[in-house]
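Below is one structure, written out as C-alpha cells, with a few remarks after it.
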Amino acid sequence: MDAIDTSHTQSMDELAASLRTLGMNEVPSFPNTYPTLNPTDLYRAHITEKLAPITGADPSVIYPVLQWTSTLDKGDIILPVPALRLKGKKPDAVAQEIVEKFPESPLVEKPIAEKTFIKFFFKPGPLAKIVLPSILKNGSAYGFNPSSGLRDPSDPSKGRKRIIVEFSSPNIAKPFHAGHLRSTIIGGFLSNLYEGAGWDVTRMNYLGDWGKQYGVLALGFQKFGSEEELEKNPIGHLYDVYVKISKIQKEEDDNKVADGVSEQARQYFKRMVDGDEEALGVWKRFRDMSIKKYKQTYGRLNIHYDEYSGESQIKDESMDAAAKIMEEKGVSEMSDEAVIVDLTKYSKKLGKAVVKKKDGTSLYLTRDIGAAVERMDKFHFDKMIYVVASQQDLHLAQLFKIMEAMGRKDIAERCQHINFGMVMGMSTRKGTAKFLDDILQEVGEKMHEVMKTNQSKYEQVTDPEATSDILGISAVMVQDMSGKRCVKRAPSTDELAPHRGC
Ligand SMILES: NC(=[NH2+])NCCC[C@H](N)C(=O)O
C-alpha cells in the first residue's frame, strides 16, 4: 500500500484562515466531503446550511440535490426545488420564497429563481481568495485527491479501490473506426480521472483477436502475404490481406463452392482452438506485431495500457465453468441444439441470448462472461467500466444480467457500461482513414494546411511538421470531448441497461 501523501493539500487551518478574511468563522462542511480539495463541496455545504432553516428540509436531503450545472449560464450550482420533497406549496412558489428569504452570503450572490429551479452563482472575488492559495501551494498536484480512492478514507491502511477501465478494444485485421477512437479518448480520460481520485487503475485493451476470421486471415496470408510488408505495416497489411481473401471467400460462398476458403478457415480455426502449435504460431505473430504497432500509435495519444487482453485470452475452463453454473441454476437452456439464455423474463428487450453455438464453439458474449469472471479473480476490482459504443448496449445489458442470474451479483453490480453515440466531425475527407495512424496523419496534414495560411506566423514555427502533428491530435481529442457523449438516447432504455452511464 502506498503511503498517501497529504502534505501538499491545503489544510483545514489554511482554508479557515481564507474564510475568516471573508468574515466567516467556520468552515462549512458536510460528512464525507473534502472542502479543502474540492471548493464545490464548501459551497454546497454553505448553501445547505443556509437552506435548512428556510425550507425546514433536512441537510442530508438538501446536500445531495445541489447539482453541478451543464452550462454556466445556469449558475455554478443549481437546486431543483421538487427534489427537496416539501409537502404543500407548489415548487415554483417555494422557489420564489427561498430566494426572498436567502440571507446575504459572503460566498454566493443572491440566488435566482427560475420556474422550479434556483440558480446559485459564486462570488468571483471570494472564490479566487479560496482557490488561488490552494493552486499555488499544490502546483501540478492541484485537483488530485489521493485519499478519495481509499477503501476507507479514515484508514489509509485499507488500500486503494481498484478499477478496470476497458477501452479502445479494436479488432485485429479490421479497421480502427471512429467508435474505437471515441472509446480510446473517453477511456483514457476516465482512467486519468480515477487515477487523479486516488484509485488503482488498470487500463485494459480487450482486442478482438479470436474467431473463424483469424483462420481466414491465416489462409489469406499464405496466398497474398508479404513478410516485408508485415514488418513494415502489420495492421495495414493484414487488413489488405483480409480484404483480398474475403472477396474470394464471398465469391465461393455465393457459388456454393464446397471446399473453399470458408471450409478451410473453419478447419484452420479448429486447429487453433485445439492448440495446434503451428496454426497458433502464425496467429500469435500477427497479434504480437499488431500490438507492437498499436502501442506506438496509442503512444502518440499519450495513452498506455497495463494489459493487452483479448477474446483469445479467455480460458476454456472459465467459459466451461460459467456454462456449468448457468445450466445448474437453470439460467440456460437448450434450443435447437444451441445453448441459450432466455432473458425476456427480466425484460422483453433483453431478448434471448445464444451462449453456445450448435457446433459447440463459443461466442463474443460467452467470451465476455468468461472474461468478467477471470478479471474478478485476477484483479478483485471494486469497479469495472466498459467503454463501448451504444450499438452494443444490448450486448452489455445481456452480459450484466447473465452475470447476475448466474449468482455473480458481486461482479454485475460493479460493472458499468459507458456508452457513446457516434457523431464525429472528424475528417475522413479522402475516405481512406481506416486506421488510427491514418486518422492522426490526416488531421496533422489538415492542421499543417491551416498553419500555412498564415505565412508570417508559419515562418516562426521551428518544426512545423511536429507542431501540426501535436495540434492535430489535440484537435481530435478536444473536438471529441466538446460534444456530448451521448447525443441521442440509444434504443435501449435505462431499464434495459441499469449500469449504463448515459
Ligand atoms: N468487453 C467487450 N465486449 N468490449 C468491447 C469490445 C469491442 C469489439 N472488439 C468491437 O470492436 O466491436
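Chains: A, B, ... in order of the C-alpha cells. Residues: from 1 per chain. Ligands: from 1, in order shown.
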Discussion item. Any residue with an atom at most 6 Å from ligand 1 counts, using only C-alpha atoms and all ligand atoms. Which are they? Put them as a PyMOL selection string.
Written reply: chain A and resi 169-171+207-208+368+388
Item to complete: Quick one: everything within 12 Å of Gly351 of chain A, counting only C-alpha atoms, minus sequence neighbours fewer than 3 positions away in the same chain. Send it as a ChimeraX atom specification.
Response: /A:340-348,354,394-395,397-399,401-402,492,496
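Backbone DSSP over segment 247-401 of chain A yields strand (DSSP E or B) at A:Glu307, A:Tyr308, A:Ser309, A:Gly310, A:Ser332, A:Glu333, A:Met334, A:Ser335, A:Ala338, A:Val339, A:Ile340, A:Val341, A:Asp342, A:Lys352, A:Ala353, A:Val354, A:Val355, A:Lys356, A:Lys383, A:Met384, A:Ile385, A:Tyr386, A:Val387.
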Please write the residues from the selection above to a file, keeping N, CA and C atoms, as a PDB file, in the first residue's frame.
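Full text of part37.pdb as output:
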```
ATOM      1  N   GLU A 307      -2.593  -3.668 -19.650  1.00  0.00           N
ATOM      2  CA  GLU A 307      -2.909  -5.030 -20.023  1.00  0.00           C
ATOM      3  C   GLU A 307      -3.480  -5.078 -21.448  1.00  0.00           C
ATOM      4  N   TYR A 308      -2.819  -5.860 -22.309  1.00  0.00           N
ATOM      5  CA  TYR A 308      -3.408  -6.160 -23.612  1.00  0.00           C
ATOM      6  C   TYR A 308      -4.064  -7.521 -23.482  1.00  0.00           C
ATOM      7  N   SER A 309      -5.340  -7.501 -23.222  1.00  0.00           N
ATOM      8  CA  SER A 309      -6.073  -8.747 -23.121  1.00  0.00           C
ATOM      9  C   SER A 309      -6.714  -8.981 -24.498  1.00  0.00           C
ATOM     10  N   GLY A 310      -7.702  -9.810 -24.567  1.00  0.00           N
ATOM     11  CA  GLY A 310      -8.362 -10.028 -25.843  1.00  0.00           C
ATOM     12  C   GLY A 310      -9.216 -11.272 -25.761  1.00  0.00           C
ATOM     13  N   SER A 332     -29.592 -21.233 -18.246  1.00  0.00           N
ATOM     14  CA  SER A 332     -29.514 -21.509 -19.689  1.00  0.00           C
ATOM     15  C   SER A 332     -30.396 -22.704 -20.045  1.00  0.00           C
ATOM     16  N   GLU A 333     -30.663 -22.841 -21.313  1.00  0.00           N
ATOM     17  CA  GLU A 333     -31.481 -23.975 -21.779  1.00  0.00           C
ATOM     18  C   GLU A 333     -31.074 -24.332 -23.204  1.00  0.00           C
ATOM     19  N   MET A 334     -31.437 -25.535 -23.628  1.00  0.00           N
ATOM     20  CA  MET A 334     -31.123 -25.937 -24.992  1.00  0.00           C
ATOM     21  C   MET A 334     -32.220 -25.413 -25.908  1.00  0.00           C
ATOM     22  N   SER A 335     -31.805 -24.968 -27.076  1.00  0.00           N
ATOM     23  CA  SER A 335     -32.794 -24.560 -28.064  1.00  0.00           C
ATOM     24  C   SER A 335     -32.191 -24.843 -29.434  1.00  0.00           C
ATOM     25  N   ALA A 338     -28.517 -25.489 -29.779  1.00  0.00           N
ATOM     26  CA  ALA A 338     -27.613 -24.458 -29.237  1.00  0.00           C
ATOM     27  C   ALA A 338     -27.999 -24.209 -27.774  1.00  0.00           C
ATOM     28  N   VAL A 339     -27.105 -23.549 -27.023  1.00  0.00           N
ATOM     29  CA  VAL A 339     -27.453 -23.201 -25.639  1.00  0.00           C
ATOM     30  C   VAL A 339     -27.809 -21.716 -25.610  1.00  0.00           C
ATOM     31  N   ILE A 340     -28.963 -21.436 -25.028  1.00  0.00           N
ATOM     32  CA  ILE A 340     -29.391 -20.024 -24.986  1.00  0.00           C
ATOM     33  C   ILE A 340     -29.759 -19.615 -23.554  1.00  0.00           C
ATOM     34  N   VAL A 341     -29.784 -18.313 -23.327  1.00  0.00           N
ATOM     35  CA  VAL A 341     -30.303 -17.799 -22.058  1.00  0.00           C
ATOM     36  C   VAL A 341     -31.496 -16.921 -22.409  1.00  0.00           C
ATOM     37  N   ASP A 342     -32.634 -17.271 -21.849  1.00  0.00           N
ATOM     38  CA  ASP A 342     -33.842 -16.501 -22.144  1.00  0.00           C
ATOM     39  C   ASP A 342     -33.950 -15.356 -21.131  1.00  0.00           C
ATOM     40  N   LYS A 352     -33.408 -13.092 -26.152  1.00  0.00           N
ATOM     41  CA  LYS A 352     -32.766 -14.372 -25.863  1.00  0.00           C
ATOM     42  C   LYS A 352     -31.342 -14.299 -26.381  1.00  0.00           C
ATOM     43  N   ALA A 353     -30.404 -14.770 -25.561  1.00  0.00           N
ATOM     44  CA  ALA A 353     -29.007 -14.678 -25.984  1.00  0.00           C
ATOM     45  C   ALA A 353     -28.438 -16.075 -26.178  1.00  0.00           C
ATOM     46  N   VAL A 354     -27.762 -16.284 -27.311  1.00  0.00           N
ATOM     47  CA  VAL A 354     -27.103 -17.568 -27.551  1.00  0.00           C
ATOM     48  C   VAL A 354     -25.751 -17.545 -26.844  1.00  0.00           C
ATOM     49  N   VAL A 355     -25.476 -18.578 -26.034  1.00  0.00           N
ATOM     50  CA  VAL A 355     -24.173 -18.609 -25.360  1.00  0.00           C
ATOM     51  C   VAL A 355     -23.275 -19.739 -25.890  1.00  0.00           C
ATOM     52  N   LYS A 356     -23.863 -20.647 -26.627  1.00  0.00           N
ATOM     53  CA  LYS A 356     -23.038 -21.675 -27.281  1.00  0.00           C
ATOM     54  C   LYS A 356     -23.693 -22.063 -28.587  1.00  0.00           C
ATOM     55  N   LYS A 383     -14.654  -1.815  -9.199  1.00  0.00           N
ATOM     56  CA  LYS A 383     -15.484  -1.275 -10.273  1.00  0.00           C
ATOM     57  C   LYS A 383     -14.842  -1.641 -11.609  1.00  0.00           C
ATOM     58  N   MET A 384     -15.680  -1.867 -12.590  1.00  0.00           N
ATOM     59  CA  MET A 384     -15.140  -2.098 -13.937  1.00  0.00           C
ATOM     60  C   MET A 384     -15.998  -1.337 -14.935  1.00  0.00           C
ATOM     61  N   ILE A 385     -15.309  -0.587 -15.772  1.00  0.00           N
ATOM     62  CA  ILE A 385     -16.016   0.207 -16.767  1.00  0.00           C
ATOM     63  C   ILE A 385     -15.706  -0.338 -18.160  1.00  0.00           C
ATOM     64  N   TYR A 386     -16.753  -0.535 -18.960  1.00  0.00           N
ATOM     65  CA  TYR A 386     -16.586  -0.916 -20.356  1.00  0.00           C
ATOM     66  C   TYR A 386     -16.906   0.317 -21.189  1.00  0.00           C
ATOM     67  N   VAL A 387     -15.925   0.833 -21.902  1.00  0.00           N
ATOM     68  CA  VAL A 387     -16.204   1.995 -22.751  1.00  0.00           C
ATOM     69  C   VAL A 387     -16.443   1.486 -24.178  1.00  0.00           C
TER      70      VAL A 387
END
```
Fill in: atom CA of Val273 of chain A to atom CA of Glu337 of chain A, straight-line distance in Å
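Here the two named atoms are 20.6 Å from each other.
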Worksheet item: If you run DSSP on the backbone, which residues of segment 210-454 of chain A are helix (DSSP H, G or I), as a PyMOL selection string?
Response: chain A and resi 213-224+227-232+234-254+261-273+277-300+311-313+316-328+348-350+364-379+390-405+409-412+436-452
Selection export as a short mmCIF file (atom, residue, chain, number, x, y, z; two decimals), in the first residue's frame, atoms kept: C-alpha atoms:
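In the end it all went to again_34.cif:
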```
data_model
loop_
_atom_site.label_atom_id
_atom_site.label_comp_id
_atom_site.auth_asym_id
_atom_site.auth_seq_id
_atom_site.Cartn_x
_atom_site.Cartn_y
_atom_site.Cartn_z
CA GLN A 213 -11.99 -14.88 -39.29
CA TYR A 214 -8.45 -15.49 -38.00
CA GLY A 215 -8.49 -18.76 -39.91
CA VAL A 216 -9.49 -16.75 -42.97
CA LEU A 217 -6.68 -14.29 -42.31
CA ALA A 218 -4.05 -17.03 -41.99
CA LEU A 219 -5.15 -18.58 -45.29
CA GLY A 220 -5.08 -15.16 -46.88
CA PHE A 221 -1.56 -14.59 -45.67
CA GLN A 222 -0.41 -17.84 -47.27
CA LYS A 223 -1.81 -16.57 -50.56
CA PHE A 224 -1.21 -12.82 -50.50
CA GLU A 227 6.88 -10.75 -44.76
CA GLU A 228 8.39 -7.44 -45.69
CA GLU A 229 5.06 -5.64 -45.72
CA LEU A 230 4.09 -7.28 -42.45
CA GLU A 231 7.24 -6.00 -40.79
CA LYS A 232 6.68 -2.50 -42.17
CA PRO A 234 1.39 -5.04 -39.82
CA ILE A 235 -2.04 -3.55 -39.22
CA GLY A 236 -2.48 -2.17 -42.73
CA HIS A 237 -1.03 -5.22 -44.43
CA LEU A 238 -3.16 -7.71 -42.51
CA TYR A 239 -6.20 -5.67 -43.37
CA ASP A 240 -5.32 -5.71 -47.09
CA VAL A 241 -4.80 -9.44 -46.97
CA TYR A 242 -8.10 -9.90 -45.18
CA VAL A 243 -9.98 -7.82 -47.73
CA LYS A 244 -8.49 -9.83 -50.63
CA ILE A 245 -9.21 -13.25 -49.18
CA SER A 246 -12.69 -12.24 -48.03
CA LYS A 247 -13.52 -11.31 -51.60
CA ILE A 248 -12.60 -14.79 -52.78
CA GLN A 249 -14.48 -16.29 -49.87
CA LYS A 250 -17.61 -14.39 -50.77
CA GLU A 251 -17.48 -15.40 -54.41
CA GLU A 252 -17.00 -19.01 -53.45
CA ASP A 253 -19.80 -18.90 -50.91
CA ASP A 254 -22.11 -17.32 -53.47
CA VAL A 261 -11.90 -20.62 -48.07
CA SER A 262 -14.82 -20.86 -45.64
CA GLU A 263 -14.39 -24.55 -45.03
CA GLN A 264 -10.60 -24.35 -44.92
CA ALA A 265 -10.79 -21.42 -42.50
CA ARG A 266 -13.15 -23.36 -40.28
CA GLN A 267 -10.66 -26.21 -40.17
CA TYR A 268 -7.79 -23.82 -39.58
CA PHE A 269 -9.58 -22.14 -36.70
CA LYS A 270 -10.44 -25.55 -35.28
CA ARG A 271 -6.70 -26.29 -35.23
CA MET A 272 -6.17 -23.03 -33.33
CA VAL A 273 -8.85 -23.96 -30.83
CA GLU A 277 1.21 -25.00 -32.37
CA GLU A 278 1.84 -24.15 -35.97
CA ALA A 279 -1.58 -22.63 -36.50
CA LEU A 280 -1.37 -20.74 -33.24
CA GLY A 281 2.17 -19.59 -34.00
CA VAL A 282 1.09 -17.76 -37.15
CA TRP A 283 -1.85 -16.15 -35.40
CA LYS A 284 0.29 -15.15 -32.41
CA ARG A 285 2.80 -13.44 -34.65
CA PHE A 286 0.03 -11.37 -36.25
CA ARG A 287 -1.26 -10.49 -32.84
CA ASP A 288 2.13 -9.57 -31.37
CA MET A 289 3.07 -7.42 -34.33
CA SER A 290 -0.27 -5.65 -34.30
CA ILE A 291 0.07 -4.91 -30.59
CA LYS A 292 3.55 -3.53 -31.13
CA LYS A 293 2.19 -1.16 -33.74
CA TYR A 294 -0.85 -0.23 -31.65
CA LYS A 295 1.44 0.65 -28.78
CA GLN A 296 3.31 3.16 -30.92
CA THR A 297 0.15 4.78 -32.15
CA TYR A 298 -1.52 4.95 -28.73
CA GLY A 299 1.74 6.46 -27.52
CA ARG A 300 1.15 9.42 -29.84
CA GLU A 311 -11.01 -12.54 -26.72
CA SER A 312 -8.33 -15.15 -27.45
CA GLN A 313 -7.02 -14.98 -23.90
CA ASP A 316 -11.98 -22.55 -21.99
CA GLU A 317 -12.12 -23.55 -18.32
CA SER A 318 -13.62 -20.18 -17.36
CA MET A 319 -16.26 -20.43 -20.06
CA ASP A 320 -16.99 -24.07 -19.22
CA ALA A 321 -17.29 -23.28 -15.52
CA ALA A 322 -19.71 -20.46 -16.32
CA ALA A 323 -21.70 -22.73 -18.64
CA LYS A 324 -21.97 -25.32 -15.87
CA ILE A 325 -23.28 -22.79 -13.35
CA MET A 326 -25.79 -21.46 -15.88
CA GLU A 327 -27.01 -24.96 -16.56
CA GLU A 328 -27.22 -25.97 -12.91
CA LYS A 348 -38.59 -8.19 -23.02
CA LYS A 349 -35.95 -6.00 -24.57
CA LEU A 350 -33.13 -8.17 -23.34
CA TYR A 364 -18.48 -12.99 -28.33
CA LEU A 365 -20.91 -13.00 -25.40
CA THR A 366 -19.60 -16.28 -23.98
CA ARG A 367 -16.09 -14.93 -24.00
CA ASP A 368 -17.22 -11.76 -22.23
CA ILE A 369 -18.81 -13.85 -19.48
CA GLY A 370 -15.57 -15.80 -19.01
CA ALA A 371 -13.57 -12.57 -19.17
CA ALA A 372 -15.58 -10.87 -16.42
CA VAL A 373 -15.09 -13.80 -14.05
CA GLU A 374 -11.37 -14.05 -14.84
CA ARG A 375 -10.90 -10.34 -14.26
CA MET A 376 -12.61 -10.53 -10.89
CA ASP A 377 -10.39 -13.46 -9.87
CA LYS A 378 -7.26 -11.68 -11.00
CA PHE A 379 -7.88 -8.06 -10.00
CA SER A 390 -24.04 2.39 -27.83
CA GLN A 391 -24.51 -0.11 -30.68
CA GLN A 392 -23.51 -2.66 -28.07
CA ASP A 393 -25.95 -1.55 -25.36
CA LEU A 394 -27.88 -4.76 -25.73
CA HIS A 395 -24.80 -6.94 -25.64
CA LEU A 396 -23.56 -5.41 -22.39
CA ALA A 397 -27.00 -5.34 -20.80
CA GLN A 398 -27.28 -9.05 -21.57
CA LEU A 399 -23.83 -9.68 -20.15
CA PHE A 400 -24.58 -7.89 -16.88
CA LYS A 401 -27.97 -9.59 -16.49
CA ILE A 402 -26.48 -13.03 -17.14
CA MET A 403 -23.78 -12.42 -14.52
CA GLU A 404 -26.48 -11.52 -12.03
CA ALA A 405 -28.63 -14.54 -12.93
CA LYS A 409 -24.11 -10.13 -8.43
CA ASP A 410 -20.76 -9.24 -6.88
CA ILE A 411 -19.47 -8.76 -10.43
CA ALA A 412 -22.63 -7.44 -12.09
CA LEU A 436 -5.79 5.20 -36.17
CA ASP A 437 -2.50 6.09 -37.79
CA ASP A 438 -4.26 7.34 -40.92
CA ILE A 439 -6.69 9.38 -38.88
CA LEU A 440 -3.86 11.07 -37.00
CA GLN A 441 -1.95 11.58 -40.22
CA GLU A 442 -4.93 13.24 -41.87
CA VAL A 443 -5.65 15.65 -39.05
CA GLY A 444 -1.95 16.50 -38.87
CA GLU A 445 -1.91 17.32 -42.59
CA LYS A 446 -5.04 19.38 -42.28
CA MET A 447 -3.50 21.37 -39.44
CA HIS A 448 -0.40 21.88 -41.50
CA GLU A 449 -2.52 23.35 -44.30
CA VAL A 450 -4.25 25.66 -41.84
CA MET A 451 -0.94 26.77 -40.36
CA LYS A 452 0.40 27.62 -43.81
#
```
Item to complete: Just the residues within 10 Å of Gly198 of chain A, please, counting only C-alpha atoms, with nothing from its chain fewer than 3 positions along; format it as a list in words.
Response: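 The filter keeps Ile4, Phe144, Asn145, Pro146, Ser147, Ser148, Gly149, Leu150, Arg160, Lys161, Arg162, Asn192, Leu193, Tyr194, Glu195 and Val201 of chain A.
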Please produce an output containing N, CA, C and O atoms for each residue in the selection, written as a PDB file, in the first residue's frame.
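Below you can see result-v1.pdb, which holds the result:
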```pdb
ATOM      1  N   ILE A   4      -0.168   7.572   1.621  1.00  0.00           N
ATOM      2  CA  ILE A   4      -0.873   8.669   0.963  1.00  0.00           C
ATOM      3  C   ILE A   4      -0.277   9.982   1.442  1.00  0.00           C
ATOM      4  O   ILE A   4      -0.224  10.270   2.634  1.00  0.00           O
ATOM      5  N   PHE A 144      -5.976  16.776  -7.515  1.00  0.00           N
ATOM      6  CA  PHE A 144      -5.872  15.341  -7.251  1.00  0.00           C
ATOM      7  C   PHE A 144      -6.250  15.060  -5.803  1.00  0.00           C
ATOM      8  O   PHE A 144      -5.876  15.804  -4.908  1.00  0.00           O
ATOM      9  N   ASN A 145      -6.976  13.991  -5.615  1.00  0.00           N
ATOM     10  CA  ASN A 145      -7.377  13.653  -4.259  1.00  0.00           C
ATOM     11  C   ASN A 145      -7.029  12.204  -3.975  1.00  0.00           C
ATOM     12  O   ASN A 145      -7.846  11.305  -4.162  1.00  0.00           O
ATOM     13  N   PRO A 146      -5.783  11.973  -3.552  1.00  0.00           N
ATOM     14  CA  PRO A 146      -5.357  10.585  -3.377  1.00  0.00           C
ATOM     15  C   PRO A 146      -6.212   9.825  -2.369  1.00  0.00           C
ATOM     16  O   PRO A 146      -6.388   8.621  -2.501  1.00  0.00           O
ATOM     17  N   SER A 147      -6.769  10.533  -1.408  1.00  0.00           N
ATOM     18  CA  SER A 147      -7.487   9.783  -0.380  1.00  0.00           C
ATOM     19  C   SER A 147      -8.917   9.419  -0.779  1.00  0.00           C
ATOM     20  O   SER A 147      -9.536   8.575  -0.155  1.00  0.00           O
ATOM     21  N   SER A 148      -9.432  10.030  -1.856  1.00  0.00           N
ATOM     22  CA  SER A 148     -10.808   9.679  -2.216  1.00  0.00           C
ATOM     23  C   SER A 148     -10.860   8.268  -2.794  1.00  0.00           C
ATOM     24  O   SER A 148     -11.913   7.658  -2.861  1.00  0.00           O
ATOM     25  N   GLY A 149      -9.700   7.741  -3.214  1.00  0.00           N
ATOM     26  CA  GLY A 149      -9.687   6.378  -3.740  1.00  0.00           C
ATOM     27  C   GLY A 149      -9.422   5.327  -2.677  1.00  0.00           C
ATOM     28  O   GLY A 149      -9.326   4.141  -2.980  1.00  0.00           O
ATOM     29  N   LEU A 150      -9.328   5.749  -1.438  1.00  0.00           N
ATOM     30  CA  LEU A 150      -9.087   4.761  -0.375  1.00  0.00           C
ATOM     31  C   LEU A 150     -10.363   3.996  -0.058  1.00  0.00           C
ATOM     32  O   LEU A 150     -11.452   4.563  -0.076  1.00  0.00           O
ATOM     33  N   ARG A 160      -6.217   1.133  -1.668  1.00  0.00           N
ATOM     34  CA  ARG A 160      -6.974   1.918  -2.631  1.00  0.00           C
ATOM     35  C   ARG A 160      -7.988   1.054  -3.368  1.00  0.00           C
ATOM     36  O   ARG A 160      -7.800  -0.134  -3.544  1.00  0.00           O
ATOM     37  N   LYS A 161      -9.032   1.691  -3.821  1.00  0.00           N
ATOM     38  CA  LYS A 161     -10.025   0.970  -4.602  1.00  0.00           C
ATOM     39  C   LYS A 161      -9.448   0.647  -5.978  1.00  0.00           C
ATOM     40  O   LYS A 161      -8.661   1.417  -6.512  1.00  0.00           O
ATOM     41  N   ARG A 162      -9.888  -0.472  -6.487  1.00  0.00           N
ATOM     42  CA  ARG A 162      -9.359  -0.915  -7.782  1.00  0.00           C
ATOM     43  C   ARG A 162     -10.392  -0.761  -8.872  1.00  0.00           C
ATOM     44  O   ARG A 162     -11.534  -1.171  -8.699  1.00  0.00           O
ATOM     45  N   ASN A 192      -7.568   8.521 -16.341  1.00  0.00           N
ATOM     46  CA  ASN A 192      -6.821   9.592 -15.666  1.00  0.00           C
ATOM     47  C   ASN A 192      -7.630  10.171 -14.510  1.00  0.00           C
ATOM     48  O   ASN A 192      -7.091  10.494 -13.454  1.00  0.00           O
ATOM     49  N   LEU A 193      -8.927  10.290 -14.749  1.00  0.00           N
ATOM     50  CA  LEU A 193      -9.800  10.867 -13.729  1.00  0.00           C
ATOM     51  C   LEU A 193      -9.791   9.993 -12.458  1.00  0.00           C
ATOM     52  O   LEU A 193      -9.622  10.503 -11.348  1.00  0.00           O
ATOM     53  N   TYR A 194      -9.956   8.703 -12.642  1.00  0.00           N
ATOM     54  CA  TYR A 194      -9.945   7.809 -11.483  1.00  0.00           C
ATOM     55  C   TYR A 194      -8.578   7.798 -10.819  1.00  0.00           C
ATOM     56  O   TYR A 194      -8.484   7.737  -9.603  1.00  0.00           O
ATOM     57  N   GLU A 195      -7.544   7.869 -11.633  1.00  0.00           N
ATOM     58  CA  GLU A 195      -6.203   7.887 -11.050  1.00  0.00           C
ATOM     59  C   GLU A 195      -6.027   9.144 -10.204  1.00  0.00           C
ATOM     60  O   GLU A 195      -5.516   9.095  -9.091  1.00  0.00           O
ATOM     61  N   VAL A 201      -5.758   2.083 -10.935  1.00  0.00           N
ATOM     62  CA  VAL A 201      -6.412   1.920 -12.238  1.00  0.00           C
ATOM     63  C   VAL A 201      -5.677   0.906 -13.124  1.00  0.00           C
ATOM     64  O   VAL A 201      -4.458   0.999 -13.281  1.00  0.00           O
TER      65      VAL A 201
END
```
Practice prompt. Give me the residues within 12 Å of Val108 of chain A as an NGL selection string, counting only C-alpha atoms and dropping any in the same chain fewer than 2 places off.
Written response: :A and (22 or 40 or 42-44 or 46-47 or 50 or 75-77 or 102-106 or 110-112 or 119-127)
